[in-house]
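K.L.:
Please find one structure pasted underneath; my questions will follow.
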Amino acid sequence: MQTSFTLAQLADPNIAESEKILRTCVHCGFCTATCPTYVLLGDELDSPRGRIYLIKEMLEHDAPATPEVVTHIDRCLSCLACMTTCPSGVHYMHLVDHARVHVENTYRRPLLNRMLRAVLAAVLPDNRRFRAALTLARLAKPLAPLLALAGLKPVAAMLRLAPAQLPVPEMTPRRVFPAEGRRKGRVALMAGCVTPVIGPSINEAAIRVLTRHGIEVVLPPGQGCCGGIVHHMGREHDALAAVRRNVDAWLAEADGEGLDAVLITASGCGTTVKDYGFMLRSDAAYAGKAQRISALAKDICEYLSGLDIRAGAAVSGLVAAYHGACSLQHGQKITREPKELLSRTGFVVKDVPEGHLCCGSAGTYNILEDDIAKRLRTRKVANIEKVKPDVIAAGNIGCITQIAAGTAIPVVHPVELIDWATGGPQPAALRGTVLTAAKARTAEAAV
């Protein structure tokens with residue numbers, strides 16, 4: 001794509017990077033076939049190619065974002081399926097992230113939207129605030145239909161997504177979990193912001209699997225939200241502050257007793273952490289440090305695939321539909337490892353039709369763009385149910401929450417299944433349901 005930025009504009013490293021990305025695009029349109037919003041809406045401006053054109057015009061003219069541009073950029077899920085499809089290697093993720101910062105800095109959103117975004121940015125990254133908010137949301141859940149009728153659809157969406165019951169938090173959290181037997185490695189586990197509140201069993205399962213296989217696990221003090229939530233809202237200052245805080249926390253461990261890896265159980269966070277080096281590339285004090293952390297970052301299944309994981313529980317024959325989270329399959333290019341681990345531990349793994357399409361979670365998307373998110377969830381659940389699984393495995397807490405809201409089939413993280421298969425407890429979401437379904441299927445086959 002031809003561009004016409006001035007030399008003064010190109011002196012800005014962010015503009016220079018975006019110009020390089022824009023020049024890579026050849027207008028081929030391959031991205032439209034795998035873009036969820038284009039597939040649903042059929043609008044060229046709701047495809048990566050259309051958004052690239054809008055971003056180019058906005059940045060070239062150094063113009064404030066218009067309502068039209070904001071509408072189409074906001075509809076982007078950042079699922080990154082376009083990056084998997086693109087034959088030219090267009091780094092759409094960095095381009096749309098830059099566009100979101102420009103939107104945040106130049107566009108004044110309607111009051112309700114501003115307030116909602118401010119609440120999400122303040123609450124979701126903070127464990128205590130998030131837990132308090134979910135406690136209130138459970139009480140207000142019956143009001144969701146009325147709020148939707150009153151035009152407060154994002155608030156109604158938040159209430160609908162709130163779990164009926166919150167897991168009890170660990171009262172005395174430990175910092176170090178020693179390896180069982182001879183120590184073969186030492187890793188930091190990112191606790192995250194959403195996972196400890198609504199899915200603590202995921203990190204607990206990861207710790208059990210790792211220590212069971214000789215890996216010492218440390219939860220470094222000072223770590224927090226990866227910064228992805230505010231990053232995708234264009235709140236650059238807040239995002240980079242979160243990045244620096246985590247870099248400091250993890251490097252303190254790496255430079256102390258040492259780390260083989262920084263492990264992440266939420267693939268959305270993993271994609272962000274692996275991009276820390278790029279995000280802080282212009283920060284002289286942190287560029288090298290951030291690059292070190294990006295190099296250490298691994299998804300939990302990516303790391304476990306290098307260990308000698310052996311099944312020890314009777315899960316043979318249970319059918320697991322594997323949902324490849326967009327941030328994992330498109331953002332990190334990890335597609336094989338989770339499925340191989342599940343197969344190695346005794347599960348029958350089924351791929352989901354249209355597995356490349358997003359489920360509609362996408363961070364805060366299922367709140368801010370509720371209509372599109374629900375349509376994508378309905379499509380995803382219908383495809384999952386075609387393979388008639390006993391359980392759905394998804395490597396991102398957002399996907400787990402989103403899909404679980406649309407189906408009665410239990411949805412868990414792959415590491416919870418791997419933990420169960422190697423001697424850990426059966427995941428709470430599976431108790432009774434999965435075994436009953438498996439036994440019924442076995443009985444039918446015998447007849």
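By order in the structure tokens, chains are A, B, ...; within a chain, residues start at 1; ligands start at 1, following the order shown.
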Tell me, as a compact mmCIF listing (two decimals) with all heavy atoms, in the first residue's frame, which residues lie within 7 Å of segment 78-81 of chain A, counting only C-alpha atoms; anything in the same chain fewer than 5 positions away does not count.
P.N.:
# COMPACT_ATOMS: atom_id res chain seq x y z
N THR A 34 -11.60 -14.64 6.95
CA THR A 34 -11.43 -15.15 8.32
C THR A 34 -11.72 -14.10 9.38
O THR A 34 -11.54 -14.36 10.56
CB THR A 34 -10.00 -15.68 8.52
OG1 THR A 34 -9.06 -14.64 8.23
CG2 THR A 34 -9.73 -16.88 7.63
N CYS A 35 -12.16 -12.92 8.97
CA CYS A 35 -12.49 -11.87 9.94
C CYS A 35 -13.90 -12.08 10.46
O CYS A 35 -14.87 -12.06 9.69
CB CYS A 35 -12.37 -10.49 9.28
SG CYS A 35 -12.93 -9.15 10.35
N MET A 93 -1.90 -6.38 14.38
CA MET A 93 -2.04 -6.15 15.82
C MET A 93 -1.40 -4.82 16.23
O MET A 93 -2.01 -4.02 16.94
CB MET A 93 -1.40 -7.29 16.61
CG MET A 93 -1.52 -7.13 18.12
SD MET A 93 -0.85 -8.55 19.05
CE MET A 93 0.90 -8.15 19.03
N CYS A 326 -8.27 -17.40 20.27
CA CYS A 326 -7.64 -16.61 19.21
C CYS A 326 -6.26 -16.13 19.60
O CYS A 326 -5.32 -16.14 18.80
CB CYS A 326 -8.52 -15.40 18.87
SG CYS A 326 -10.12 -15.84 18.18
N SER A 327 -6.13 -15.68 20.87
CA SER A 327 -4.84 -15.17 21.33
C SER A 327 -3.78 -16.26 21.34
O SER A 327 -2.58 -15.97 21.30
CB SER A 327 -4.99 -14.55 22.72
OG SER A 327 -5.75 -15.39 23.56
N HIS A 330 -3.80 -17.58 16.95
CA HIS A 330 -3.42 -16.51 16.03
C HIS A 330 -2.35 -15.60 16.62
O HIS A 330 -1.41 -15.21 15.94
CB HIS A 330 -4.63 -15.67 15.64
CG HIS A 330 -5.75 -16.46 15.03
ND1 HIS A 330 -5.56 -17.30 13.95
CD2 HIS A 330 -7.07 -16.54 15.34
CE1 HIS A 330 -6.72 -17.87 13.63
NE2 HIS A 330 -7.64 -17.43 14.46
N GLY A 331 -2.50 -15.26 17.91
CA GLY A 331 -1.55 -14.34 18.54
C GLY A 331 -0.21 -14.97 18.83
O GLY A 331 0.83 -14.35 18.66
N HIS A 356 -11.23 -21.32 13.57
CA HIS A 356 -10.45 -20.10 13.44
C HIS A 356 -11.24 -18.86 13.84
O HIS A 356 -10.67 -17.79 14.05
CB HIS A 356 -9.99 -19.93 11.99
CG HIS A 356 -11.11 -19.82 11.00
ND1 HIS A 356 -11.83 -20.91 10.57
CD2 HIS A 356 -11.65 -18.74 10.38
CE1 HIS A 356 -12.76 -20.51 9.72
NE2 HIS A 356 -12.68 -19.19 9.59
N CYS A 358 -13.53 -16.35 16.14
CA CYS A 358 -13.57 -15.95 17.54
C CYS A 358 -14.90 -16.32 18.20
O CYS A 358 -15.95 -16.35 17.55
CB CYS A 358 -13.34 -14.44 17.63
SG CYS A 358 -13.21 -13.79 19.30
N ALA A 362 -12.91 -11.76 23.65
CA ALA A 362 -11.99 -10.68 23.28
C ALA A 362 -11.86 -9.59 24.34
O ALA A 362 -12.09 -8.42 24.09
CB ALA A 362 -12.43 -10.07 21.95
K.L.:
Residues near Gly234 of chain A, anyone? I mean within 12 Å using only C-alpha atoms, not counting same-chain ones fewer than 4 positions away, as a PyMOL selection string.
P.N.:
chain A and resi 70+73-74+94-107+117-118+121+227-230+238-240
K.L.:
Please provide as an mmCIF file with N, CA and C atoms, in the first residue's frame all residues within 12 Å of Ala33 of chain A, with the sequence filter that same-chain residues fewer than 3 positions apart are discarded (counting only C-alpha atoms).
P.N.:
data_model
loop_
_atom_site.group_PDB
_atom_site.id
_atom_site.type_symbol
_atom_site.label_atom_id
_atom_site.label_comp_id
_atom_site.auth_asym_id
_atom_site.auth_seq_id
_atom_site.Cartn_x
_atom_site.Cartn_y
_atom_site.Cartn_z
ATOM 1 N N CYS A 28 -4.986 -7.679 -0.917
ATOM 2 C CA CYS A 28 -5.406 -8.939 -1.528
ATOM 3 C C CYS A 28 -6.796 -9.387 -1.067
ATOM 4 N N GLY A 29 -7.169 -9.033 0.163
ATOM 5 C CA GLY A 29 -8.494 -9.386 0.664
ATOM 6 C C GLY A 29 -8.618 -10.768 1.272
ATOM 7 N N PHE A 30 -7.505 -11.512 1.368
ATOM 8 C CA PHE A 30 -7.584 -12.836 1.987
ATOM 9 C C PHE A 30 -8.104 -12.738 3.424
ATOM 10 N N PRO A 36 -14.069 -12.287 11.776
ATOM 11 C CA PRO A 36 -15.407 -12.573 12.310
ATOM 12 C C PRO A 36 -16.433 -11.478 12.025
ATOM 13 N N THR A 37 -16.026 -10.210 12.142
ATOM 14 C CA THR A 37 -17.008 -9.145 11.931
ATOM 15 C C THR A 37 -17.404 -9.033 10.464
ATOM 16 N N TYR A 38 -16.467 -9.268 9.564
ATOM 17 C CA TYR A 38 -16.831 -9.227 8.142
ATOM 18 C C TYR A 38 -17.729 -10.414 7.789
ATOM 19 N N VAL A 39 -17.409 -11.583 8.344
ATOM 20 C CA VAL A 39 -18.234 -12.766 8.101
ATOM 21 C C VAL A 39 -19.666 -12.532 8.566
ATOM 22 N N LEU A 40 -19.825 -11.858 9.704
ATOM 23 C CA LEU A 40 -21.165 -11.607 10.238
ATOM 24 C C LEU A 40 -21.868 -10.445 9.545
ATOM 25 N N LEU A 41 -21.145 -9.340 9.325
ATOM 26 C CA LEU A 41 -21.779 -8.094 8.896
ATOM 27 C C LEU A 41 -21.661 -7.819 7.395
ATOM 28 N N GLY A 42 -20.643 -8.388 6.757
ATOM 29 C CA GLY A 42 -20.485 -8.193 5.321
ATOM 30 C C GLY A 42 -20.118 -6.790 4.906
ATOM 31 N N GLU A 44 -17.281 -4.026 4.252
ATOM 32 C CA GLU A 44 -15.840 -3.943 3.974
ATOM 33 C C GLU A 44 -15.099 -3.173 5.063
ATOM 34 N N ASP A 46 -15.693 -3.245 8.089
ATOM 35 C CA ASP A 46 -15.572 -4.115 9.253
ATOM 36 C C ASP A 46 -14.730 -5.334 8.926
ATOM 37 N N SER A 47 -13.816 -5.159 7.983
ATOM 38 C CA SER A 47 -12.811 -6.172 7.676
ATOM 39 C C SER A 47 -11.444 -5.566 7.976
ATOM 40 N N PRO A 48 -10.403 -6.379 8.126
ATOM 41 C CA PRO A 48 -9.067 -5.819 8.351
ATOM 42 C C PRO A 48 -8.637 -4.871 7.238
ATOM 43 N N ARG A 49 -8.927 -5.246 5.994
ATOM 44 C CA ARG A 49 -8.536 -4.391 4.866
ATOM 45 C C ARG A 49 -9.227 -3.034 4.954
ATOM 46 N N ALA A 81 -7.021 -13.264 13.538
ATOM 47 C CA ALA A 81 -7.160 -14.291 12.498
ATOM 48 C C ALA A 81 -6.621 -13.774 11.173
ATOM 49 N N CYS A 82 -6.724 -12.476 10.972
ATOM 50 C CA CYS A 82 -6.217 -11.886 9.730
ATOM 51 C C CYS A 82 -4.710 -12.065 9.612
ATOM 52 N N MET A 83 -4.008 -12.050 10.742
ATOM 53 C CA MET A 83 -2.555 -12.222 10.693
ATOM 54 C C MET A 83 -2.167 -13.644 10.338
ATOM 55 N N THR A 84 -2.999 -14.603 10.730
ATOM 56 C CA THR A 84 -2.749 -15.989 10.340
ATOM 57 C C THR A 84 -2.974 -16.174 8.846
ATOM 58 N N THR A 85 -3.970 -15.476 8.319
ATOM 59 C CA THR A 85 -4.352 -15.632 6.917
ATOM 60 C C THR A 85 -3.471 -14.840 5.969
ATOM 61 N N CYS A 86 -2.987 -13.690 6.398
ATOM 62 C CA CYS A 86 -2.306 -12.740 5.504
ATOM 63 C C CYS A 86 -1.050 -13.328 4.873
ATOM 64 N N GLU A 354 -15.028 -24.465 12.052
ATOM 65 C CA GLU A 354 -14.794 -23.013 12.069
ATOM 66 C C GLU A 354 -13.972 -22.594 13.284
ATOM 67 N N HIS A 356 -11.233 -21.324 13.572
ATOM 68 C CA HIS A 356 -10.450 -20.097 13.441
ATOM 69 C C HIS A 356 -11.242 -18.859 13.837
ATOM 70 N N LEU A 357 -12.591 -18.993 13.938
ATOM 71 C CA LEU A 357 -13.418 -17.825 14.242
ATOM 72 C C LEU A 357 -13.541 -17.622 15.744
#
K.L.:
Between A:Val247, A:Ile384, A:Met158, A:Leu146, single out the one closest to Val349 of chain A, counting only C-alpha atoms.
P.N.:
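Distance minimum relative to Val349 of chain A lands on A:Ile384.
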K.L.:
Nearest residue to Asn396 of chain A out of A:Glu17, A:Asp371, A:Asp299, A:Asp351, using only C-alpha atoms?
P.N.:
A:Asp299
K.L.:
Could you give me, as JSON lines, a per-residue list for segment 102-166 of chain A showing, wherever an atom lies at most 12 Å from an atom of segment 185-192 of chain A, the closest pair of atoms and their distance in Å to one decimal, using only C-alpha atoms and sorting by chain then residue number from low to high?
P.N.:
{"residue": "A:Leu124", "atom": "CA", "partner": "A:Gly192", "partner_atom": "CA", "distance": 10.4}
{"residue": "A:Pro125", "atom": "CA", "partner": "A:Gly192", "partner_atom": "CA", "distance": 8.2}
{"residue": "A:Asp126", "atom": "CA", "partner": "A:Gly192", "partner_atom": "CA", "distance": 9.4}
{"residue": "A:Asn127", "atom": "CA", "partner": "A:Gly192", "partner_atom": "CA", "distance": 8.7}
K.L.:
Which residues of segment 232-344 of chain A come within 12 Å of segment 220-225 of chain A, and what is each one's closest atom pair and distance in Å (one decimal), counting only C-alpha atoms, sorted by chain and residue number, as a tab-separated table?
P.N.:
residue	atom	partner	partner_atom	distance
A:Asp238	CA	A:Cys225	CA	10.7
A:Ala239	CA	A:Cys225	CA	9.2
A:Leu240	CA	A:Cys225	CA	11.1
A:Ala241	CA	A:Cys225	CA	10.3
A:Ala242	CA	A:Cys225	CA	6.6
A:Val243	CA	A:Cys225	CA	8.4
A:Arg244	CA	A:Gln223	CA	9.8
A:Arg245	CA	A:Gln223	CA	6.6
A:Asn246	CA	A:Gln223	CA	4.9
A:Val247	CA	A:Gln223	CA	8.3
A:Asp248	CA	A:Gly222	CA	8.1
A:Ala249	CA	A:Gly222	CA	5.5
A:Trp250	CA	A:Pro220	CA	6.5
A:Leu251	CA	A:Pro220	CA	9.5
A:Ala252	CA	A:Pro220	CA	8.3
A:Glu253	CA	A:Pro220	CA	7.0
A:Ala254	CA	A:Pro220	CA	10.1
A:Gly256	CA	A:Pro220	CA	11.3
A:Glu257	CA	A:Pro220	CA	11.6
A:Gly258	CA	A:Pro220	CA	11.9
A:Leu259	CA	A:Pro220	CA	11.0
A:Val262	CA	A:Pro220	CA	10.2
A:Leu263	CA	A:Pro220	CA	11.8
A:Ile264	CA	A:Cys225	CA	11.4
A:Ala266	CA	A:Cys225	CA	11.1
A:Gly268	CA	A:Cys225	CA	11.2
A:Cys269	CA	A:Cys225	CA	8.2
A:Gly270	CA	A:Cys225	CA	11.2
A:Thr272	CA	A:Cys225	CA	10.4
A:Val273	CA	A:Cys225	CA	10.2
K.L.:
Include N, CA and C atoms and write out the residues we just selected as a CSV table (one decimal), in the first residue's frame.
P.N.:
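Output saved as out29.csv:
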chain,number,residue,atom,x,y,z
A,238,ASP,N,-1.4,3.8,31.1
A,238,ASP,CA,-1.8,2.8,32.1
A,238,ASP,C,-1.2,1.5,31.7
A,239,ALA,N,-1.3,1.1,30.4
A,239,ALA,CA,-0.8,-0.2,30.0
A,239,ALA,C,0.7,-0.3,30.2
A,240,LEU,N,1.5,0.7,29.8
A,240,LEU,CA,2.9,0.7,30.0
A,240,LEU,C,3.4,0.7,31.4
A,241,ALA,N,2.6,1.3,32.3
A,241,ALA,CA,2.9,1.3,33.7
A,241,ALA,C,2.7,-0.2,34.3
A,242,ALA,N,1.7,-0.9,33.8
A,242,ALA,CA,1.5,-2.3,34.2
A,242,ALA,C,2.6,-3.1,33.7
A,243,VAL,N,3.1,-2.9,32.5
A,243,VAL,CA,4.2,-3.6,31.9
A,243,VAL,C,5.4,-3.5,32.7
A,244,ARG,N,5.8,-2.2,33.0
A,244,ARG,CA,7.0,-2.0,33.8
A,244,ARG,C,7.0,-2.7,35.1
A,245,ARG,N,5.8,-2.6,35.8
A,245,ARG,CA,5.6,-3.3,37.1
A,245,ARG,C,5.9,-4.8,37.0
A,246,ASN,N,5.4,-5.4,36.0
A,246,ASN,CA,5.6,-6.8,35.8
A,246,ASN,C,7.0,-7.2,35.5
A,247,VAL,N,7.6,-6.4,34.6
A,247,VAL,CA,9.0,-6.6,34.2
A,247,VAL,C,9.9,-6.5,35.5
A,248,ASP,N,9.7,-5.5,36.3
A,248,ASP,CA,10.5,-5.4,37.5
A,248,ASP,C,10.3,-6.6,38.5
A,249,ALA,N,9.0,-7.1,38.6
A,249,ALA,CA,8.7,-8.2,39.5
A,249,ALA,C,9.4,-9.5,39.0
A,250,TRP,N,9.2,-9.8,37.7
A,250,TRP,CA,9.8,-11.0,37.2
A,250,TRP,C,11.3,-11.0,37.1
A,251,LEU,N,11.9,-9.9,36.7
A,251,LEU,CA,13.3,-9.8,36.7
A,251,LEU,C,14.0,-9.9,38.0
A,252,ALA,N,13.3,-9.5,39.1
A,252,ALA,CA,13.8,-9.6,40.4
A,252,ALA,C,14.0,-11.1,40.7
A,253,GLU,N,13.1,-12.0,40.3
A,253,GLU,CA,13.2,-13.4,40.4
A,253,GLU,C,14.2,-14.0,39.5
A,254,ALA,N,14.2,-13.6,38.2
A,254,ALA,CA,15.2,-14.1,37.3
A,254,ALA,C,16.6,-13.8,37.6
A,256,GLY,N,17.5,-13.2,40.7
A,256,GLY,CA,17.8,-13.7,42.0
A,256,GLY,C,18.1,-15.2,42.0
A,257,GLU,N,17.1,-16.0,42.3
A,257,GLU,CA,17.3,-17.5,42.2
A,257,GLU,C,17.2,-18.0,40.8
A,258,GLY,N,16.8,-17.2,39.8
A,258,GLY,CA,16.7,-17.7,38.5
A,258,GLY,C,15.4,-18.2,38.0
A,259,LEU,N,15.1,-18.1,36.8
A,259,LEU,CA,13.8,-18.5,36.2
A,259,LEU,C,14.1,-19.2,34.8
A,262,VAL,N,8.6,-17.6,32.4
A,262,VAL,CA,7.4,-17.0,33.0
A,262,VAL,C,6.2,-17.6,32.3
A,263,LEU,N,5.4,-18.3,33.1
A,263,LEU,CA,4.3,-19.1,32.6
A,263,LEU,C,3.0,-18.3,32.8
A,264,ILE,N,2.1,-18.4,31.7
A,264,ILE,CA,0.9,-17.7,31.7
A,264,ILE,C,-0.3,-18.7,31.4
A,266,ALA,N,-3.6,-17.6,31.0
A,266,ALA,CA,-4.6,-16.9,30.2
A,266,ALA,C,-3.9,-16.5,28.9
A,268,GLY,N,-4.7,-14.7,26.5
A,268,GLY,CA,-4.8,-13.3,26.1
A,268,GLY,C,-3.7,-12.5,26.8
A,269,CYS,N,-3.4,-12.8,28.0
A,269,CYS,CA,-2.3,-12.2,28.8
A,269,CYS,C,-0.9,-12.6,28.1
A,270,GLY,N,-0.9,-13.9,27.7
A,270,GLY,CA,0.4,-14.4,27.1
A,270,GLY,C,0.8,-13.6,25.9
A,272,THR,N,0.0,-10.6,25.2
A,272,THR,CA,0.5,-9.3,25.6
A,272,THR,C,1.9,-9.3,26.1
A,273,VAL,N,2.2,-10.3,27.0
A,273,VAL,CA,3.5,-10.4,27.7
A,273,VAL,C,4.6,-10.7,26.6
K.L.:
Determine which residues of segment 161-369 of chain A receive a DSSP assignment of strand (DSSP E or B), computed from the backbone, and state them as a count of residues only.
P.N.:
27
K.L.:
Figure out the distance between atom CA of Ala162 of chain A and atom CA of Arg131 of chain A, please, to one decimal in Å.
P.N.:
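The value is 10.3 Å.
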K.L.:
When you look at Ile403 of chain A with a cut-off of 9 Å (counting only C-alpha atoms), what residues show up, excluding the ones that are within fewer than 5 positions of it in the same chain? I need them as a PyMOL selection string.
P.N.:
chain A and resi 359-361+377-378+380-381+392+398+411
